[in-house]
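The block underneath contains the structure these notes are about, expressed in structure tokens.
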Amino acid sequence: MSEIVTMPQLGETVTEGTILRWLVAVGDEVKEDDPILEISTDKVDTEVPSPFSGKVTSLLVEEGETVEVGASLLELNGDASSSVVDEKIPNDIDSFDEPTQEIVEEIKVEESASSPVIKSSNIKLSPVVRKIVSENNLDLAQITGTGSDGRITRKDVEAYMASGNVAKKQSIDTAVQKEVKQKEQPKATTGEISRLRRRIAENMVMSKQTSAHVMTSVEVDYENVEMLRSKHKKSFKEDNGFSLTYLPFISLATIYALREHPVVNSSFDLDKEIHSIHSHINLGIAVDLNQEGLLVGTMREADSFSLKGLARKISDTSIKLREGSYELDDVSGSTFTISNNGSFNSFLTSPIINQPNVAILSTESVKKRPVVIEAQDGTDSIAIRHTGLLSLTWDHRVFDGSIALLFLNSIKEKLENSDWSQELA
């Protein structure tokens, strides 16, 4: 019985995807949940598993095609003489061998005194697996594949890396390479734009064309937060394995402010004349991918987390995105976004709104600065305090400056006056 695999719904806002690479060819036997192709959407590149077991009888779309959700992708156990197959597959049965060359990455390592030779010259790797292997300089000969016909899967690579016995390909001479790199002068280069960079470019231009961007900022006195951080940062890191930064405090204060001003936690579609104020808070955190691009990690139902819970979720999400081990749900569905530019020593930033959000908050660097302090008797004095700016880019189509400033000042008041010690007790 013929089974048709269709383009899956890969997220609530995803309507189409581009076929990057087939991982199977006509004539292959696949089992349920075996990866069959890699798809790129505006959110993420991901492998698609087969919902059925059977023999591939037809590939219904070609690599590079963009198809909508629900479109037919592949046929299992069908009649190879069907009209659909005729459109996609040449009449010469011998040509079935040719597409295989497109989906098989040949791993060839030249023999040298310092490089191991991988005996298998025909190892099937998905683009995701190939990227992880390349970025971590792994020796494939040391990894046992558990996939179909011994194929090395993403789980195999991750399990191997987690084992602690990672064997990396030997370099010629690390010291010599470093010396050569130091002497090398920068050279002008020209290369293709990566898919991630292209998606960022398209989304940023689309956002600027969609929303009426306005930026507003306030100054925050972080002294009480800093005193608490200084008191607990050593024990916190020992107990949790990561540092206690300003970001969890800002995130929790932002969540409280979003409850008070729900219009900031909304989406706006002028063409459809729909303004949706969300009942849930899915907090997006912009994560820098080692200067190669940005992704927004989503913390769903963020208003259910404590300060410690937010700190751990932020740390886990950042690691997952930088390692490339995230799923679509991890990078979609945010209702409000925070961009932590202060971690790169920013003073004031005007970030671009992450559509379909209507605002984005930028955290700026916290520094010791002289501040005028007014005493209860009305006298003034100058003190050294930890201060920094918070800037909000907001969509003027949706609300006005009064809402933006009430929202920002709500965050400011909570950061300056809340009893944060209860959150760390």
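Lettering and numbering for the structure tokens are positional, with chains as A, B, ... in the shown order, residues counted from 1 in each chain, and ligands counted from 1 in the shown order.
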
List every residue of segment 299-371 of chain A that has an atom at most 12 Å from any atom of segment 406-409 of chain A, giving for each one its closest atom pair and the distance in Å to one decimal, counting only C-alpha atoms, sorted by chain and then by ascending residue number, as JSON lines.
{"residue": "A:Ala359", "atom": "CA", "partner": "A:Phe407", "partner_atom": "CA", "distance": 10.9}
{"residue": "A:Ile360", "atom": "CA", "partner": "A:Leu408", "partner_atom": "CA", "distance": 11.2}
{"residue": "A:Leu361", "atom": "CA", "partner": "A:Leu408", "partner_atom": "CA", "distance": 9.0}
{"residue": "A:Ser362", "atom": "CA", "partner": "A:Leu408", "partner_atom": "CA", "distance": 11.0}
{"residue": "A:Thr363", "atom": "CA", "partner": "A:Leu408", "partner_atom": "CA", "distance": 11.5}

Written selection (N, CA, C and O atoms) as a short mmCIF file (atom, residue, chain, number, x, y, z; two decimals), in the first residue's frame:
data_model
loop_
_atom_site.label_atom_id
_atom_site.label_comp_id
_atom_site.auth_asym_id
_atom_site.auth_seq_id
_atom_site.Cartn_x
_atom_site.Cartn_y
_atom_site.Cartn_z
N ALA A 359 7.52 44.55 20.95
CA ALA A 359 8.57 45.28 21.66
C ALA A 359 9.72 44.34 21.98
O ALA A 359 9.55 43.11 22.02
N ILE A 360 10.90 44.93 22.21
CA ILE A 360 12.08 44.17 22.62
C ILE A 360 12.88 45.02 23.59
O ILE A 360 13.07 46.22 23.38
N LEU A 361 13.33 44.41 24.68
CA LEU A 361 14.08 45.11 25.72
C LEU A 361 15.57 44.82 25.55
O LEU A 361 15.97 43.67 25.36
N SER A 362 16.38 45.86 25.65
CA SER A 362 17.83 45.69 25.60
C SER A 362 18.42 46.00 26.97
O SER A 362 18.19 47.07 27.53
N THR A 363 19.17 45.05 27.54
CA THR A 363 19.88 45.28 28.79
C THR A 363 21.26 45.82 28.46
O THR A 363 21.97 45.24 27.64
#

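Near Leu289 of chain A, within 6 Å and counting only C-alpha atoms, sit Gly293, Leu294 and Arg322 of chain A; same-chain residues fewer than 4 positions away were not included.
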
Only N, CA, C and O atoms, please: the residues just picked out, written as a PDB file, in the first residue's frame.
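The resulting file, part_35.pdb, is reproduced below:
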ATOM      1  N   GLY A 293      26.081  34.628  14.414  1.00  0.00           N
ATOM      2  CA  GLY A 293      24.679  34.970  14.198  1.00  0.00           C
ATOM      3  C   GLY A 293      23.943  34.988  15.525  1.00  0.00           C
ATOM      4  O   GLY A 293      24.516  34.754  16.591  1.00  0.00           O
ATOM      5  N   LEU A 294      22.660  35.288  15.461  1.00  0.00           N
ATOM      6  CA  LEU A 294      21.808  35.348  16.651  1.00  0.00           C
ATOM      7  C   LEU A 294      20.607  34.438  16.481  1.00  0.00           C
ATOM      8  O   LEU A 294      20.057  34.312  15.386  1.00  0.00           O
ATOM      9  N   ARG A 322      23.874  27.371  21.391  1.00  0.00           N
ATOM     10  CA  ARG A 322      25.260  27.476  20.928  1.00  0.00           C
ATOM     11  C   ARG A 322      25.802  26.128  20.466  1.00  0.00           C
ATOM     12  O   ARG A 322      26.650  26.065  19.580  1.00  0.00           O
TER      13      ARG A 322
END

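If you measure from each of A:Ser315, A:Asn417, A:Asn282, A:Ser217 to Ala404 of chain A using only C-alpha atoms, the closest one turns out to be A:Ser217.
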
#### Entry: Option closest in space to Ser243 of chain A, from A:Ile152, A:Ile314, A:Ile352, A:Val30 [counting only C-alpha atoms]
A:Ile314

### Task
From a DSSP pass on the backbone, collect the residues of segment 197-408 of chain A flagged as alpha helix (DSSP H) and hand them back as number ranges by chain.
A: 197-210, 223-240, 247-260, 307-323, 401-408

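The shell of residues at most 7 Å from Val48 of chain A, with only C-alpha atoms counted and near chain neighbours (fewer than 5 positions) removed, consists of Pro35, Ile36, Leu37 and Glu38 of chain A.
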
Selected residues written out with N, CA and C atoms, as a short mmCIF file (atom, residue, chain, number, x, y, z; two decimals), in the first residue's frame:
data_model
loop_
_atom_site.label_atom_id
_atom_site.label_comp_id
_atom_site.auth_asym_id
_atom_site.auth_seq_id
_atom_site.Cartn_x
_atom_site.Cartn_y
_atom_site.Cartn_z
N PRO A 35 15.57 9.35 9.85
CA PRO A 35 15.59 10.64 9.15
C PRO A 35 15.62 10.42 7.64
N ILE A 36 14.79 11.17 6.92
CA ILE A 36 14.69 10.99 5.47
C ILE A 36 15.13 12.22 4.68
N LEU A 37 15.06 13.42 5.28
CA LEU A 37 15.50 14.61 4.59
C LEU A 37 15.75 15.72 5.59
N GLU A 38 16.47 16.74 5.14
CA GLU A 38 16.67 17.92 5.98
C GLU A 38 15.94 19.09 5.36
#

### Message
With only C-alpha atoms as the counted atoms, please give the residues lying no more than 8 Å from Lys412 of chain A, apart from itself and same-chain residues fewer than 5 positions off, as a ChimeraX atom specification.
### Response
/A:218-221

### Message
as a ChimeraX atom specification, please: the residues near Ile382 of chain A (cut-off 7 Å, only C-alpha atoms, same-chain neighbours under 6 positions excluded).
### Response
/A:370-373

### Message
Env of Val264 of chain A: 7 Å cut, atoms = only C-alpha atoms, seq-sep filter 3 positions within chain, self excluded. Answer as a PyMOL selection string.
### Response
chain A and resi 258+261+358-359

### Message
Could you tell me how far atom CA of Lys320 of chain A sits from atom CA of Thr144 of chain A, in Å to one decimal place?
### Response
23.6 Å

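The space between atom CA of Ala25 of chain A and atom CA of Gly150 of chain A spans 16.3 Å.
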